[in-house]
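Some notes on the structure that comes next.
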Amino acid sequence: MSQNIILTTGLYDLIKDHVRRKKVTAKEEELLHAELKKASQVLRRDLPSDVVSINRKVTYKDHIKNEERTVIFVAPDKSKVNKNKISILSEEGIAIAGYKVGKLIEWPSRKGDLKLEILKVEEMKLV
């Protein structure tokens, strides 16, 4: 993957811990190690507004199911699927975390291969 991902230090550590705990497939682990090795780490205030991260509303297109979905990626303990609040450590979250609008990501997952295109990213105001 040519574009380096951009992650907040907190999200970088969260993903690294998720991998260390073997919560991903072997193929995902290999890809995540490569992505994390070249990732740019930034403070939350310096994270570009068009990058997928925690507390961001993201619209993406699933090219395999041919459907669009809008979710808010949240910390794992804040996940509420019925309110479209999805863990950033979900298969979709892990696949697109750190990427910018316009990026098409092909990613292996337990559910099968994903092919997701990031269409829109909006910052969510914390209440």
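Every chain in the structure tokens has a letter given in the order shown (A, B, ...), and although residue numbers restart at 1 in each chain, ligands are simply numbered from 1 in the order shown.
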When you look at Val58 (chain A) with a cut-off of 10 Å (counting only C-alpha atoms), what residues show up, excluding the ones that are within fewer than 6 positions of it in the same chain? I need them as a list of chain:residue names.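 My reading of the contact set: A:Asp50, A:Val51, A:Val52, A:Arg69, A:Thr70, A:Val71, A:Ile72, A:Phe73, A:Gly93, A:Ile96, A:Val101, A:Ile118, A:Leu119, A:Lys120, A:Val121, A:Glu122, A:Glu123.
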Could you name the residues that touch Leu116 (chain A) at 9 Å or less, counting only C-alpha atoms, but leaving out those on the same chain fewer than 4 positions away, as an MDAnalysis selection string? chainID A and resid 60:64 92 95:96 103:107
With C-alpha atoms kept, could you save the residues just selected as a PDB file, in the first residue's frame?
ATOM      1  CA  TYR A  60     -17.574   4.334   2.902  1.00  0.00           C
ATOM      2  CA  LYS A  61     -18.573   2.178  -0.014  1.00  0.00           C
ATOM      3  CA  ASP A  62     -18.313  -1.579   0.275  1.00  0.00           C
ATOM      4  CA  HIS A  63     -17.435  -2.570  -3.293  1.00  0.00           C
ATOM      5  CA  ILE A  64     -18.096  -6.273  -2.656  1.00  0.00           C
ATOM      6  CA  GLU A  92     -13.894  -2.393   8.781  1.00  0.00           C
ATOM      7  CA  ALA A  95      -8.991  -1.869   7.515  1.00  0.00           C
ATOM      8  CA  ILE A  96      -9.498   1.862   6.952  1.00  0.00           C
ATOM      9  CA  LYS A 103      -8.590   5.772  -0.642  1.00  0.00           C
ATOM     10  CA  LEU A 104      -9.704   2.319  -1.805  1.00  0.00           C
ATOM     11  CA  ILE A 105      -8.526  -0.397   0.576  1.00  0.00           C
ATOM     12  CA  GLU A 106      -8.516  -4.120  -0.049  1.00  0.00           C
ATOM     13  CA  TRP A 107      -8.207  -5.992   3.233  1.00  0.00           C
TER      14      TRP A 107
END
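Residue nearest Ser53 (chain A), chosen from A:Arg21, A:Gly102, A:Lys85, A:Val74 and counting only C-alpha atoms: A:Val74.
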Coordinates-based distance that separates CA of Arg45 (chain A) from CA of Lys125 (chain A) (Å, one decimal):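 Atom-to-atom, CA of Lys125 (chain A) to CA of Arg45 (chain A), that is 12.8 Å.
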Step one, run DSSP on the backbone; step two, keep only residues of chain A assigned to alpha helix (DSSP H); then write them as JSON, numbers by chain. {"A": [9, 10, 11, 12, 13, 14, 15, 16, 17, 18, 19, 20, 26, 27, 28, 29, 30, 31, 32, 33, 34, 35, 36, 37, 38, 91, 92, 93, 94, 95, 96]}
Write the residues of the preceding selection, restricted to N, CA and C atoms, as a CSV table (one decimal), in the first residue's frame.
chain,number,residue,atom,x,y,z
A,9,THR,N,-1.4,8.9,18.4
A,9,THR,CA,-0.5,8.0,19.2
A,9,THR,C,-1.4,7.0,19.9
A,10,GLY,N,-2.5,7.5,20.5
A,10,GLY,CA,-3.4,6.6,21.2
A,10,GLY,C,-4.0,5.5,20.3
A,11,LEU,N,-4.4,5.8,19.1
A,11,LEU,CA,-4.9,4.8,18.2
A,11,LEU,C,-3.8,3.8,17.8
A,12,TYR,N,-2.7,4.4,17.5
A,12,TYR,CA,-1.5,3.5,17.2
A,12,TYR,C,-1.3,2.5,18.3
A,13,ASP,N,-1.3,2.9,19.5
A,13,ASP,CA,-1.1,2.0,20.6
A,13,ASP,C,-2.2,1.0,20.8
A,14,LEU,N,-3.5,1.4,20.5
A,14,LEU,CA,-4.6,0.6,20.6
A,14,LEU,C,-4.5,-0.6,19.6
A,15,ILE,N,-4.2,-0.2,18.3
A,15,ILE,CA,-4.1,-1.2,17.3
A,15,ILE,C,-2.9,-2.1,17.5
A,16,LYS,N,-1.8,-1.6,18.0
A,16,LYS,CA,-0.6,-2.4,18.3
A,16,LYS,C,-1.0,-3.5,19.4
A,17,ASP,N,-1.7,-3.0,20.4
A,17,ASP,CA,-2.1,-3.9,21.5
A,17,ASP,C,-3.1,-5.0,20.9
A,18,HIS,N,-4.0,-4.6,20.1
A,18,HIS,CA,-5.0,-5.5,19.5
A,18,HIS,C,-4.3,-6.6,18.7
A,19,VAL,N,-3.2,-6.2,18.0
A,19,VAL,CA,-2.4,-7.2,17.2
A,19,VAL,C,-1.7,-8.1,18.2
A,20,ARG,N,-1.1,-7.5,19.2
A,20,ARG,CA,-0.3,-8.3,20.1
A,20,ARG,C,-1.2,-9.4,20.8
A,26,ALA,N,-3.7,-14.0,10.8
A,26,ALA,CA,-2.3,-14.0,10.5
A,26,ALA,C,-2.0,-13.0,9.4
A,27,LYS,N,-2.8,-13.0,8.4
A,27,LYS,CA,-2.7,-12.1,7.2
A,27,LYS,C,-2.8,-10.6,7.6
A,28,GLU,N,-3.9,-10.4,8.4
A,28,GLU,CA,-4.1,-9.0,9.0
A,28,GLU,C,-2.9,-8.6,9.8
A,29,GLU,N,-2.4,-9.5,10.7
A,29,GLU,CA,-1.3,-9.2,11.5
A,29,GLU,C,-0.1,-8.8,10.7
A,30,GLU,N,0.2,-9.5,9.6
A,30,GLU,CA,1.3,-9.2,8.8
A,30,GLU,C,1.2,-7.8,8.1
A,31,LEU,N,0.0,-7.5,7.6
A,31,LEU,CA,-0.3,-6.2,7.0
A,31,LEU,C,-0.2,-5.1,8.0
A,32,LEU,N,-0.8,-5.3,9.2
A,32,LEU,CA,-0.8,-4.3,10.2
A,32,LEU,C,0.6,-4.0,10.7
A,33,HIS,N,1.4,-5.0,10.9
A,33,HIS,CA,2.8,-4.7,11.3
A,33,HIS,C,3.5,-3.8,10.2
A,34,ALA,N,3.3,-4.1,8.9
A,34,ALA,CA,3.9,-3.3,7.9
A,34,ALA,C,3.4,-1.9,7.9
A,35,GLU,N,2.0,-1.8,8.1
A,35,GLU,CA,1.4,-0.4,8.1
A,35,GLU,C,1.9,0.4,9.3
A,36,LEU,N,1.9,-0.3,10.5
A,36,LEU,CA,2.3,0.5,11.7
A,36,LEU,C,3.8,0.9,11.6
A,37,LYS,N,4.6,0.1,11.0
A,37,LYS,CA,6.0,0.4,10.9
A,37,LYS,C,6.3,1.7,10.2
A,38,LYS,N,5.5,2.0,9.2
A,38,LYS,CA,5.7,3.2,8.4
A,38,LYS,C,4.6,4.3,8.6
A,91,GLU,N,-13.6,-5.1,12.0
A,91,GLU,CA,-12.8,-5.5,10.8
A,91,GLU,C,-12.8,-4.3,9.8
A,92,GLU,N,-13.9,-3.6,9.7
A,92,GLU,CA,-13.9,-2.4,8.8
A,92,GLU,C,-13.0,-1.3,9.3
A,93,GLY,N,-13.1,-1.0,10.6
A,93,GLY,CA,-12.3,0.0,11.3
A,93,GLY,C,-10.8,-0.2,11.1
A,94,ILE,N,-10.4,-1.4,11.4
A,94,ILE,CA,-9.0,-1.8,11.3
A,94,ILE,C,-8.5,-1.6,9.9
A,95,ALA,N,-9.4,-1.9,8.9
A,95,ALA,CA,-9.0,-1.9,7.5
A,95,ALA,C,-8.8,-0.4,7.1
A,96,ILE,N,-9.6,0.5,7.5
A,96,ILE,CA,-9.5,1.9,7.0
A,96,ILE,C,-8.9,2.9,7.9
What does the structure give for the distance between CA of Thr59 (chain A) and CA of Ala75 (chain A), in Å to one decimal?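 CA of Ala75 (chain A) lies at a distance of 17.6 Å from CA of Thr59 (chain A).
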When you draw a straight line from CA of Gln3 (chain A) to CA of Val24 (chain A), how long is it in Å?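 The value is 21.8 Å.
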Could you please write out, as JSON, numbers by chain, every residue of region 42-80 of chain A that DSSP assigns to strand (DSSP E or B)? {"A": [42, 51, 56, 57, 58, 59, 60, 61, 62, 67, 68, 69, 70, 71, 72, 73, 74, 80]}
Nearest-residue call for Ser109 (chain A), choices A:Lys23, A:Ser87, A:Gln41, A:Lys57, using only C-alpha atoms: A:Lys23
Of the listed residues A:Glu117, A:Ile6, A:Leu89, A:Arg110, that which approaches Asp46 (chain A) most closely, counting only C-alpha atoms: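 With only C-alpha atoms as the atom set, the closest residue is A:Ile6.
Proximity to Leu47 (chain A) was assessed for A:Met124, A:Gly112, A:Ser79, A:Leu7 counting only C-alpha atoms; the smallest distance is recorded for A:Leu7.
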